[in-house]
>>> print(open('entry.cif').read())   # mmCIF, C-alpha atoms
data_data
loop_
_atom_site.group_PDB
_atom_site.id
_atom_site.type_symbol
_atom_site.label_atom_id
_atom_site.label_comp_id
_atom_site.auth_asym_id
_atom_site.auth_seq_id
_atom_site.Cartn_x
_atom_site.Cartn_y
_atom_site.Cartn_z
ATOM 1 C CA MET A 183 -3.510 30.827 -3.668
ATOM 2 C CA SER A 184 -0.300 31.925 -2.027
ATOM 3 C CA ILE A 185 1.489 28.900 -0.756
ATOM 4 C CA VAL A 186 4.223 29.277 1.821
ATOM 5 C CA VAL A 187 6.725 26.477 2.143
ATOM 6 C CA ARG A 188 7.553 26.034 5.813
ATOM 7 C CA SER A 189 10.028 23.219 5.387
ATOM 8 C CA ARG A 190 11.435 21.161 2.561
ATOM 9 C CA ARG A 191 13.148 17.804 2.551
ATOM 10 C CA GLU A 192 14.636 15.997 -0.396
ATOM 11 C CA MET A 193 14.925 12.211 -0.171
ATOM 12 C CA PRO A 194 16.554 9.756 -2.547
ATOM 13 C CA ILE A 195 14.668 6.800 -4.004
ATOM 14 C CA GLU A 196 17.385 4.365 -4.934
ATOM 15 C CA THR A 197 16.723 1.201 -2.961
ATOM 16 C CA GLU A 198 13.692 -0.719 -1.798
ATOM 17 C CA ASP A 199 14.498 0.495 1.726
ATOM 18 C CA ASP A 200 14.111 4.071 0.502
ATOM 19 C CA VAL A 201 10.483 3.327 -0.362
ATOM 20 C CA LEU A 202 9.846 2.540 3.299
ATOM 21 C CA VAL A 203 11.938 5.470 4.504
ATOM 22 C CA VAL A 204 10.036 7.942 2.338
ATOM 23 C CA ARG A 205 6.712 6.466 3.393
ATOM 24 C CA ARG A 206 7.573 6.795 7.062
ATOM 25 C CA ALA A 207 8.745 10.366 6.579
ATOM 26 C CA VAL A 208 5.454 11.243 4.897
ATOM 27 C CA ARG A 209 3.445 9.626 7.670
ATOM 28 C CA ASP A 210 5.485 11.388 10.346
ATOM 29 C CA LEU A 211 4.999 14.731 8.646
ATOM 30 C CA ALA A 212 1.248 14.189 8.276
ATOM 31 C CA VAL A 213 0.892 13.203 11.916
ATOM 32 C CA GLU A 214 3.043 16.113 13.019
ATOM 33 C CA ARG A 215 0.885 18.534 11.068
ATOM 34 C CA GLY A 216 -2.252 17.124 12.700
ATOM 35 C CA PHE A 217 -3.765 15.129 9.828
ATOM 36 C CA ASP A 218 -6.424 12.736 11.098
ATOM 37 C CA ALA A 219 -6.079 8.960 10.615
ATOM 38 C CA PHE A 220 -8.018 8.959 7.332
ATOM 39 C CA ALA A 221 -6.163 11.859 5.750
ATOM 40 C CA SER A 222 -2.850 10.506 6.968
ATOM 41 C CA ALA A 223 -3.567 7.042 5.549
ATOM 42 C CA ALA A 224 -4.646 8.573 2.235
ATOM 43 C CA LEU A 225 -1.537 10.714 1.889
ATOM 44 C CA THR A 226 0.819 7.983 3.046
ATOM 45 C CA THR A 227 -0.721 5.438 0.692
ATOM 46 C CA ALA A 228 -0.539 7.801 -2.290
ATOM 47 C CA ALA A 229 3.085 8.567 -1.451
ATOM 48 C CA SER A 230 3.857 4.878 -1.102
ATOM 49 C CA GLU A 231 2.352 4.128 -4.525
ATOM 50 C CA LEU A 232 4.255 6.923 -6.229
ATOM 51 C CA THR A 233 7.549 6.188 -4.506
ATOM 52 C CA ARG A 234 7.217 2.524 -5.383
ATOM 53 C CA ASN A 235 6.502 3.490 -9.009
ATOM 54 C CA VAL A 236 9.795 5.387 -9.142
ATOM 55 C CA TRP A 237 11.625 2.424 -7.614
ATOM 56 C CA VAL A 238 10.029 -0.198 -9.824
ATOM 57 C CA HIS A 239 10.088 1.624 -13.156
ATOM 58 C CA ALA A 240 12.971 4.069 -12.961
ATOM 59 C CA ARG A 241 15.059 2.503 -10.212
ATOM 60 C CA ARG A 242 16.271 5.942 -9.207
ATOM 61 C CA GLY A 243 14.662 9.264 -8.363
ATOM 62 C CA THR A 244 13.796 11.701 -5.631
ATOM 63 C CA ALA A 245 10.906 12.643 -3.413
ATOM 64 C CA VAL A 246 10.715 16.211 -2.176
ATOM 65 C CA LEU A 247 8.461 16.651 0.858
ATOM 66 C CA GLU A 248 7.155 20.117 1.623
ATOM 67 C CA ASP A 249 5.287 21.249 4.675
ATOM 68 C CA ILE A 250 3.082 24.024 3.306
ATOM 69 C CA ALA A 251 0.544 26.605 4.387
ATOM 70 C CA ASP A 252 -1.899 28.832 2.567
ATOM 71 C CA GLY A 253 -3.466 31.260 4.962
ATOM 72 C CA ASP A 254 -5.117 29.112 7.618
ATOM 73 C CA ARG A 255 -4.784 25.899 5.691
ATOM 74 C CA VAL A 256 -1.885 23.574 6.313
ATOM 75 C CA GLY A 257 -0.890 20.736 4.058
ATOM 76 C CA VAL A 258 1.788 18.541 2.589
ATOM 77 C CA ARG A 259 3.064 18.679 -0.962
ATOM 78 C CA ILE A 260 5.293 15.984 -2.423
ATOM 79 C CA ALA A 261 7.055 15.918 -5.778
ATOM 80 C CA PHE A 262 8.350 12.631 -7.181
ATOM 81 C CA ARG A 263 10.915 12.922 -9.946
ATOM 82 C CA ASP A 264 12.776 10.366 -11.958
ATOM 83 C CA GLN A 265 14.681 10.055 -15.204
ATOM 84 C CA GLY A 266 13.144 6.739 -16.016
ATOM 85 C CA PRO A 267 11.352 5.438 -19.070
ATOM 86 C CA GLY A 268 8.354 7.755 -18.791
ATOM 87 C CA ILE A 269 4.754 6.587 -19.143
ATOM 88 C CA PRO A 270 3.803 5.814 -22.747
ATOM 89 C CA ASP A 271 0.008 5.759 -22.493
ATOM 90 C CA LEU A 272 -0.661 8.272 -19.774
ATOM 91 C CA ASP A 273 -4.402 8.596 -20.326
ATOM 92 C CA ARG A 274 -4.840 4.868 -19.991
ATOM 93 C CA ALA A 275 -2.619 4.706 -16.928
ATOM 94 C CA LEU A 276 -4.576 7.507 -15.288
ATOM 95 C CA ALA A 277 -7.853 5.805 -16.113
ATOM 96 C CA GLY A 278 -6.680 2.861 -14.069
ATOM 97 C CA GLY A 279 -6.081 0.586 -17.005
ATOM 98 C CA PHE A 280 -3.361 -1.966 -16.658
ATOM 99 C CA SER A 281 -0.386 -1.162 -18.802
ATOM 100 C CA THR A 282 2.387 -3.628 -19.527
ATOM 101 C CA ALA A 283 3.635 -2.883 -16.050
ATOM 102 C CA ARG A 284 0.587 -4.001 -14.097
ATOM 103 C CA SER A 285 1.588 -2.363 -10.894
ATOM 104 C CA MET A 286 1.536 1.131 -12.266
ATOM 105 C CA GLY A 287 -2.027 1.432 -13.509
ATOM 106 C CA LEU A 288 -4.090 1.416 -10.383
ATOM 107 C CA GLY A 289 -1.390 2.956 -8.215
ATOM 108 C CA LEU A 290 -1.341 6.102 -10.338
ATOM 109 C CA SER A 291 -5.080 6.543 -10.775
ATOM 110 C CA GLY A 292 -5.720 5.404 -7.225
ATOM 111 C CA SER A 293 -3.269 7.948 -5.814
ATOM 112 C CA ARG A 294 -4.995 10.737 -7.675
ATOM 113 C CA ARG A 295 -8.231 9.970 -5.851
ATOM 114 C CA LEU A 296 -6.573 10.171 -2.459
ATOM 115 C CA VAL A 297 -5.190 13.690 -2.694
ATOM 116 C CA ASP A 298 -6.493 17.205 -3.318
ATOM 117 C CA GLN A 299 -4.152 18.123 -6.143
ATOM 118 C CA PHE A 300 -2.369 15.834 -8.567
ATOM 119 C CA GLN A 301 -0.140 16.905 -11.450
ATOM 120 C CA ILE A 302 1.898 14.698 -13.714
ATOM 121 C CA GLU A 303 4.397 15.385 -16.466
ATOM 122 C CA THR A 304 6.031 12.575 -18.339
ATOM 123 C CA VAL A 305 8.179 12.217 -21.429
ATOM 124 C CA VAL A 306 8.879 8.776 -22.819
ATOM 125 C CA GLY A 307 12.591 8.109 -22.676
ATOM 126 C CA GLU A 308 13.268 11.063 -20.391
ATOM 127 C CA GLY A 309 11.413 10.767 -17.134
ATOM 128 C CA THR A 310 8.426 11.583 -15.008
ATOM 129 C CA LYS A 311 7.396 14.114 -12.409
ATOM 130 C CA VAL A 312 4.362 13.653 -10.211
ATOM 131 C CA GLU A 313 3.312 16.275 -7.689
ATOM 132 C CA ILE A 314 0.612 15.730 -5.085
ATOM 133 C CA LEU A 315 -0.854 17.993 -2.458
ATOM 134 C CA LYS A 316 -3.146 17.217 0.420
ATOM 135 C CA TRP A 317 -4.600 19.665 2.881
ATOM 136 C CA LYS A 318 -5.003 18.736 6.482
ATOM 137 C CA GLY A 319 -8.771 19.060 6.443
ATOM 138 C CA LEU A 320 -11.086 20.344 9.106
ATOM 139 C CA MET B 357 9.718 -21.681 8.081
ATOM 140 C CA THR B 358 12.031 -19.321 6.315
ATOM 141 C CA GLY B 359 10.450 -15.901 6.753
ATOM 142 C CA VAL B 360 9.923 -13.615 9.701
ATOM 143 C CA ILE B 361 6.151 -13.795 9.830
ATOM 144 C CA PRO B 362 5.053 -16.531 12.245
ATOM 145 C CA ILE B 363 2.265 -18.968 11.375
ATOM 146 C CA LEU B 364 0.347 -20.630 14.174
ATOM 147 C CA ARG B 365 -2.071 -23.533 14.077
ATOM 148 C CA MET B 366 -5.399 -23.399 15.896
ATOM 149 C CA GLY B 367 -7.216 -26.661 15.250
ATOM 150 C CA ASP B 368 -7.773 -26.823 11.504
ATOM 151 C CA VAL B 369 -7.152 -23.133 11.007
ATOM 152 C CA LEU B 370 -3.854 -21.403 10.427
ATOM 153 C CA LEU B 371 -3.388 -17.965 11.942
ATOM 154 C CA THR B 372 -0.770 -15.512 10.875
ATOM 155 C CA THR B 373 -0.128 -11.920 11.873
ATOM 156 C CA VAL B 374 1.546 -9.553 9.454
ATOM 157 C CA HIS B 375 3.488 -7.338 11.825
ATOM 158 C CA VAL B 376 6.237 -6.080 9.538
ATOM 159 C CA GLU B 377 6.379 -4.096 6.337
ATOM 160 C CA LEU B 378 5.825 -6.391 3.394
ATOM 161 C CA ARG B 379 8.713 -5.937 1.003
ATOM 162 C CA ASP B 380 9.624 -8.194 -1.889
ATOM 163 C CA ALA B 381 11.741 -10.758 -0.052
ATOM 164 C CA VAL B 382 9.543 -10.786 3.050
ATOM 165 C CA ALA B 383 6.365 -11.115 0.967
ATOM 166 C CA GLU B 384 7.735 -14.005 -1.071
ATOM 167 C CA ALA B 385 8.920 -15.885 1.999
ATOM 168 C CA PHE B 386 5.557 -15.260 3.661
ATOM 169 C CA GLN B 387 3.634 -16.711 0.747
ATOM 170 C CA SER B 388 5.775 -19.825 0.443
ATOM 171 C CA ASP B 389 5.721 -20.378 4.224
ATOM 172 C CA VAL B 390 1.931 -20.143 4.199
ATOM 173 C CA LEU B 391 1.585 -22.629 1.354
ATOM 174 C CA LEU B 392 4.007 -25.101 2.908
ATOM 175 C CA ALA B 393 2.173 -24.824 6.225
ATOM 176 C CA LEU B 394 -1.173 -25.383 4.485
ATOM 177 C CA GLU B 395 0.179 -28.504 2.870
ATOM 178 C CA LYS B 396 1.642 -29.817 6.109
ATOM 179 C CA ARG B 397 -1.356 -29.004 8.315
ATOM 180 C CA ARG B 398 -4.192 -29.594 5.847
ATOM 181 C CA ALA B 399 -5.831 -26.458 7.219
ATOM 182 C CA ARG B 400 -9.406 -25.687 6.266
ATOM 183 C CA GLY B 401 -8.981 -22.006 6.845
ATOM 184 C CA LEU B 402 -6.348 -19.317 6.953
ATOM 185 C CA ILE B 403 -6.718 -16.161 8.988
ATOM 186 C CA ILE B 404 -4.422 -13.266 8.205
ATOM 187 C CA ASP B 405 -4.388 -10.639 10.913
ATOM 188 C CA ILE B 406 -3.521 -7.225 9.523
ATOM 189 C CA SER B 407 -4.436 -5.166 12.579
ATOM 190 C CA GLY B 408 -0.806 -4.104 12.849
ATOM 191 C CA LEU B 409 -0.695 -2.570 9.396
ATOM 192 C CA ASP B 410 -1.256 1.165 9.346
ATOM 193 C CA MET B 411 -1.061 1.345 5.587
ATOM 194 C CA VAL B 412 -2.076 -0.980 2.775
ATOM 195 C CA ASP B 413 -1.150 0.208 -0.710
ATOM 196 C CA THR B 414 -1.853 -1.696 -3.922
ATOM 197 C CA TYR B 415 1.369 -3.664 -3.519
ATOM 198 C CA VAL B 416 0.435 -4.961 -0.052
ATOM 199 C CA ALA B 417 -3.162 -5.512 -1.117
ATOM 200 C CA ARG B 418 -1.976 -7.538 -4.080
ATOM 201 C CA ILE B 419 0.251 -9.724 -1.902
ATOM 202 C CA LEU B 420 -2.628 -10.415 0.492
ATOM 203 C CA ALA B 421 -5.132 -11.146 -2.273
ATOM 204 C CA GLU B 422 -2.610 -13.355 -4.073
ATOM 205 C CA THR B 423 -1.962 -15.301 -0.883
ATOM 206 C CA GLY B 424 -5.704 -15.872 -0.563
ATOM 207 C CA ARG B 425 -5.935 -17.121 -4.143
ATOM 208 C CA MET B 426 -2.938 -19.397 -3.663
ATOM 209 C CA ALA B 427 -4.523 -20.824 -0.523
ATOM 210 C CA MET B 428 -7.782 -21.291 -2.435
ATOM 211 C CA LEU B 429 -5.972 -23.464 -4.963
ATOM 212 C CA MET B 430 -4.961 -25.628 -2.028
ATOM 213 C CA GLY B 431 -8.546 -25.854 -0.851
ATOM 214 C CA THR B 432 -8.305 -23.309 1.920
ATOM 215 C CA LYS B 433 -10.482 -20.262 2.545
ATOM 216 C CA THR B 434 -8.760 -17.096 3.699
ATOM 217 C CA VAL B 435 -10.148 -14.405 5.964
ATOM 218 C CA LEU B 436 -8.450 -11.081 6.533
ATOM 219 C CA VAL B 437 -9.099 -9.666 9.992
ATOM 220 C CA GLY B 438 -8.292 -6.441 11.758
ATOM 221 C CA MET B 439 -8.411 -4.074 8.822
ATOM 222 C CA ARG B 440 -8.278 -0.548 10.228
ATOM 223 C CA PRO B 441 -11.094 1.813 9.179
ATOM 224 C CA GLU B 442 -8.737 4.248 7.453
ATOM 225 C CA ILE B 443 -7.290 1.410 5.388
ATOM 226 C CA ALA B 444 -10.721 0.227 4.294
ATOM 227 C CA ALA B 445 -11.592 3.815 3.344
ATOM 228 C CA THR B 446 -8.359 4.280 1.418
ATOM 229 C CA LEU B 447 -8.659 1.034 -0.544
ATOM 230 C CA VAL B 448 -12.215 1.802 -1.621
ATOM 231 C CA ARG B 449 -11.363 5.376 -2.557
ATOM 232 C CA MET B 450 -8.471 4.140 -4.666
ATOM 233 C CA GLY B 451 -10.860 1.840 -6.458
ATOM 234 C CA TYR B 452 -9.045 -1.284 -5.365
ATOM 235 C CA GLU B 453 -11.094 -4.466 -5.066
ATOM 236 C CA MET B 454 -9.459 -7.226 -3.102
ATOM 237 C CA ARG B 455 -10.371 -10.584 -4.607
ATOM 238 C CA GLY B 456 -9.378 -13.896 -3.132
ATOM 239 C CA VAL B 457 -9.943 -13.129 0.514
ATOM 240 C CA HIS B 458 -12.952 -12.721 2.770
ATOM 241 C CA THR B 459 -12.860 -10.160 5.516
ATOM 242 C CA ALA B 460 -14.068 -10.013 9.085
ATOM 243 C CA LEU B 461 -13.751 -7.478 11.827
ATOM 244 C CA ASP B 462 -11.694 -9.502 14.271
ATOM 245 C CA LEU B 463 -10.408 -12.970 15.062
ATOM 246 C CA ASP B 464 -13.678 -14.171 16.652
ATOM 247 C CA GLU B 465 -15.717 -13.103 13.673
ATOM 248 C CA GLY B 466 -13.086 -14.492 11.327
ATOM 249 C CA LEU B 467 -13.358 -17.947 12.919
ATOM 250 C CA GLU B 468 -17.151 -17.721 12.824
ATOM 251 C CA LEU B 469 -17.044 -16.826 9.167
ATOM 252 C CA LEU B 470 -14.808 -19.789 8.376
ATOM 253 C CA GLN B 471 -17.354 -22.091 10.072
ATOM 254 C CA LYS B 472 -20.117 -20.698 7.899
ATOM 255 C CA LEU B 473 -18.352 -20.804 4.570
ATOM 256 C CA PRO B 474 -19.132 -23.885 2.473
ATOM 257 C CA ALA B 475 -16.343 -26.453 2.537
ATOM 258 C CA GLY B 476 -14.016 -26.846 -0.465
#
>>> encode(input="entry.cif", output="structure tokens")
Amino acid sequence: MSIVVRSRREMPIETEDDVLVVRRAVRDLAVERGFDAFASAALTTAASELTRNVWVHARRGTAVLEDIADGDRVGVRIAFRDQGPGIPDLDRALAGGFSTARSMGLGLSGSRRLVDQFQIETVVGEGTKVEILKWKGL
Amino acid sequence: MTGVIPILRMGDVLLTTVHVELRDAVAEAFQSDVLLALEKRRARGLIIDISGLDMVDTYVARILAETGRMAMLMGTKTVLVGMRPEIAATLVRMGYEMRGVHTALDLDEGLELLQKLPAG
């Protein structure tokens, strides 16, 4: 896979408004790239979950939106980074189990099911990075 | 009414349309407005029109389901109408199950459903 990044946009996640701003930017990018309603809803919802996670648990972070291509395929890749508390029981969170922070469990595992690629790195006490990728589809 | 989401009365049914993004303050005001209206109007049913929402994540879904369960405690059945196909697909794919609300395709079917549901 040789991914070409056609455009890149870094957005802050520092207020509740930013959650909506990031979500709209993701939707606009998906629509612009020709994602159909289902793919666009899936990507936007995953992005909304992950942005909200940063806002709720870390209070501060960034979302980096990339418009990407790999040969004929076009897609969107988004990386969410924060220096928040990290996720203590990642396996359980990814399995959709409710952790102490109820909102995180299903949002994380649910998001994974909506995208084509999902990678997460987290260190308790240091922060979390989640990267998702969704191709436009046929 | 304190929030921005209007609540209308149609006989013994309350109808509300969620036309804005549900964020913490808006969601809270919406829920308390609904409950106060249910108390005042003694409505048998509540219809929440979400045809204007182009995205429902677990936060929004939780608010809607919670509202339904709150209404249930006040003796009112809730029907969600106007869910867009891509939202239904997304919620199921995520594995989210909305409990506390019934669903119907549109307002007509929502009213029909309320007629059919057992009282109380």
>>> residues_around(input="entry.cif", residues="range 384-388 of chain B", least_positions_apart="3", cutoff="10 Å", atoms="all atoms listed in the file", output="NGL selection string")
:B and (357-363 or 372 or 374 or 378-381 or 391-394 or 419-420 or 422-424 or 426-427)
>>> residues_around(input="entry.cif", residues="Lys433 in chain B", least_positions_apart="3", cutoff="8 Å", atoms="all atoms listed in the file", output="PDB file with C-alpha atoms, in the frame of the given file")
ATOM      1  CA  ARG B 400      -9.406 -25.687   6.266  1.00  0.00           C
ATOM      2  CA  GLY B 401      -8.981 -22.006   6.845  1.00  0.00           C
ATOM      3  CA  LEU B 402      -6.348 -19.317   6.953  1.00  0.00           C
ATOM      4  CA  GLY B 424      -5.704 -15.872  -0.563  1.00  0.00           C
ATOM      5  CA  ALA B 427      -4.523 -20.824  -0.523  1.00  0.00           C
ATOM      6  CA  MET B 428      -7.782 -21.291  -2.435  1.00  0.00           C
ATOM      7  CA  VAL B 457      -9.943 -13.129   0.514  1.00  0.00           C
ATOM      8  CA  HIS B 458     -12.952 -12.721   2.770  1.00  0.00           C
ATOM      9  CA  LEU B 470     -14.808 -19.789   8.376  1.00  0.00           C
TER      10      LEU B 470
END
>>> atom_distance(input="entry.cif", atom1="CA of Leu467 in chain B", atom2="CA of Ala417 in chain B")
21.3 Å
>>> atom_distance(input="entry.cif", atom1="CA of Ile195 in chain A", atom2="CA of Gly243 in chain A")
5.0 Å
>>> interface_residues(input="entry.cif", of="chain B", to="chain A", cutoff="12 Å", atoms="only C-alpha atoms", output="number ranges by chain")
B: 376-382, 409-419, 440-453
>>> write_last_selection(input="entry.cif", atoms="C-alpha atoms", output="short mmCIF file (atom, residue, chain, number, x, y, z; two decimals), in the coordinates of the input")
data_model
loop_
_atom_site.label_atom_id
_atom_site.label_comp_id
_atom_site.auth_asym_id
_atom_site.auth_seq_id
_atom_site.Cartn_x
_atom_site.Cartn_y
_atom_site.Cartn_z
CA VAL B 376 6.24 -6.08 9.54
CA GLU B 377 6.38 -4.10 6.34
CA LEU B 378 5.82 -6.39 3.39
CA ARG B 379 8.71 -5.94 1.00
CA ASP B 380 9.62 -8.19 -1.89
CA ALA B 381 11.74 -10.76 -0.05
CA VAL B 382 9.54 -10.79 3.05
CA LEU B 409 -0.70 -2.57 9.40
CA ASP B 410 -1.26 1.16 9.35
CA MET B 411 -1.06 1.34 5.59
CA VAL B 412 -2.08 -0.98 2.78
CA ASP B 413 -1.15 0.21 -0.71
CA THR B 414 -1.85 -1.70 -3.92
CA TYR B 415 1.37 -3.66 -3.52
CA VAL B 416 0.44 -4.96 -0.05
CA ALA B 417 -3.16 -5.51 -1.12
CA ARG B 418 -1.98 -7.54 -4.08
CA ILE B 419 0.25 -9.72 -1.90
CA ARG B 440 -8.28 -0.55 10.23
CA PRO B 441 -11.09 1.81 9.18
CA GLU B 442 -8.74 4.25 7.45
CA ILE B 443 -7.29 1.41 5.39
CA ALA B 444 -10.72 0.23 4.29
CA ALA B 445 -11.59 3.82 3.34
CA THR B 446 -8.36 4.28 1.42
CA LEU B 447 -8.66 1.03 -0.54
CA VAL B 448 -12.22 1.80 -1.62
CA ARG B 449 -11.36 5.38 -2.56
CA MET B 450 -8.47 4.14 -4.67
CA GLY B 451 -10.86 1.84 -6.46
CA TYR B 452 -9.04 -1.28 -5.36
CA GLU B 453 -11.09 -4.47 -5.07
#
>>> closest_residue(input="entry.cif", among="A:Ala251, A:Ala277, A:Val236, A:Leu211", to="Gly309 in chain A", atoms="only C-alpha atoms")
A:Val236
>>> atom_distance(input="entry.cif", atom1="CA of Val203 in chain A", atom2="CA of His239 in chain A")
18.2 Å
>>> residues_around(input="entry.cif", residues="Glu192 in chain A", least_positions_apart="3", cutoff="8 Å", atoms="all atoms listed in the file", output="PyMOL selection string")
chain A and resi 244-247
>>> residues_around(input="entry.cif", residues="Phe300 in chain A", least_positions_apart="5", cutoff="8 Å", atoms="all atoms listed in the file", output="VMD selection string")
chain A and resid 294 312 to 315
>>> write_last_selection(input="entry.cif", atoms="C-alpha atoms", output="short mmCIF file (atom, residue, chain, number, x, y, z; two decimals), in the coordinates of the input")
data_model
loop_
_atom_site.label_atom_id
_atom_site.label_comp_id
_atom_site.auth_asym_id
_atom_site.auth_seq_id
_atom_site.Cartn_x
_atom_site.Cartn_y
_atom_site.Cartn_z
CA ARG A 294 -5.00 10.74 -7.68
CA VAL A 312 4.36 13.65 -10.21
CA GLU A 313 3.31 16.27 -7.69
CA ILE A 314 0.61 15.73 -5.08
CA LEU A 315 -0.85 17.99 -2.46
#
>>> resolve_selection(input="entry.cif", expression="the PyMOL selection byres ((chain A and resi 259) around 7)", output="number ranges by chain")
A: 247-250, 257-258, 260-261, 314-316
>>> resolve_selection(input="entry.cif", expression="the PyMOL selection byres ((chain B and resi 439) around 6)", output="NGL selection string")
:B and (406-407 or 437-438 or 440)
>>> resolve_selection(input="entry.cif", expression="the PyMOL selection byres ((chain B and resi 460) around 8)", output="list in words")
Val435, Leu436, Val437, Gly438, His458, Thr459, Leu461, Asp462, Leu463, Glu465, Gly466 and Leu469 of chain B
>>> closest_residue(input="entry.cif", among="A:Thr197, A:Leu232, A:Trp237, A:Arg255", to="Gly319 in chain A", atoms="all atoms listed in the file")
A:Arg255
>>> closest_residue(input="entry.cif", among="A:Leu272, A:Val256, A:Val238, A:Val297", to="Arg188 in chain A", atoms="only C-alpha atoms")
A:Val256
>>> closest_residue(input="entry.cif", among="A:Gly307, A:Lys318, A:Val186, A:Phe262", to="Glu214 in chain A", atoms="all atoms listed in the file")
A:Lys318
>>> build_atoms(input="entry.cif", residues="range 312-318 of chain A", atoms="all heavy atoms", output="compact mmCIF listing (two decimals), keeping the file's coordinate frame")
# COMPACT_ATOMS: atom_id res chain seq x y z
N VAL A 312 5.73 13.67 -10.75
CA VAL A 312 4.36 13.65 -10.21
C VAL A 312 4.36 14.51 -8.97
O VAL A 312 5.24 14.37 -8.11
CB VAL A 312 3.91 12.23 -9.82
CG1 VAL A 312 2.47 12.25 -9.31
CG2 VAL A 312 4.05 11.27 -10.99
N GLU A 313 3.40 15.42 -8.88
CA GLU A 313 3.31 16.27 -7.69
C GLU A 313 1.92 16.13 -7.08
O GLU A 313 0.93 16.25 -7.77
CB GLU A 313 3.56 17.73 -8.07
CG GLU A 313 3.74 18.63 -6.84
CD GLU A 313 4.14 20.05 -7.23
OE1 GLU A 313 5.34 20.31 -7.39
OE2 GLU A 313 3.22 20.87 -7.40
N ILE A 314 1.89 15.86 -5.78
CA ILE A 314 0.61 15.73 -5.08
C ILE A 314 0.55 16.71 -3.93
O ILE A 314 1.58 17.12 -3.40
CB ILE A 314 0.38 14.29 -4.55
CG1 ILE A 314 1.49 13.88 -3.57
CG2 ILE A 314 0.24 13.32 -5.69
CD1 ILE A 314 1.25 12.52 -2.91
N LEU A 315 -0.66 17.08 -3.57
CA LEU A 315 -0.85 17.99 -2.46
C LEU A 315 -2.09 17.55 -1.70
O LEU A 315 -3.12 17.24 -2.30
CB LEU A 315 -1.03 19.42 -2.99
CG LEU A 315 -1.04 20.60 -2.01
CD1 LEU A 315 -0.74 21.89 -2.76
CD2 LEU A 315 -2.36 20.75 -1.30
N LYS A 316 -1.97 17.53 -0.40
CA LYS A 316 -3.15 17.22 0.42
C LYS A 316 -3.20 18.19 1.58
O LYS A 316 -2.20 18.41 2.28
CB LYS A 316 -3.10 15.78 0.94
CG LYS A 316 -4.41 15.36 1.60
CD LYS A 316 -4.56 13.87 1.69
CE LYS A 316 -5.91 13.47 2.27
NZ LYS A 316 -7.01 13.56 1.29
N TRP A 317 -4.38 18.77 1.75
CA TRP A 317 -4.60 19.66 2.88
C TRP A 317 -5.00 18.87 4.09
O TRP A 317 -5.56 17.78 3.99
CB TRP A 317 -5.68 20.69 2.55
CG TRP A 317 -5.33 21.56 1.39
CD1 TRP A 317 -5.88 21.55 0.14
CD2 TRP A 317 -4.31 22.59 1.37
NE1 TRP A 317 -5.27 22.48 -0.66
CE2 TRP A 317 -4.31 23.13 0.06
CE3 TRP A 317 -3.41 23.09 2.32
CZ2 TRP A 317 -3.44 24.16 -0.31
CZ3 TRP A 317 -2.55 24.10 1.94
CH2 TRP A 317 -2.57 24.64 0.63
N LYS A 318 -4.75 19.44 5.23
CA LYS A 318 -5.00 18.74 6.48
C LYS A 318 -6.47 18.43 6.67
O LYS A 318 -6.83 17.40 7.21
CB LYS A 318 -4.49 19.60 7.63
CG LYS A 318 -4.85 19.11 9.00
CD LYS A 318 -4.38 20.13 10.02
CE LYS A 318 -5.08 19.90 11.35
NZ LYS A 318 -4.63 20.90 12.34
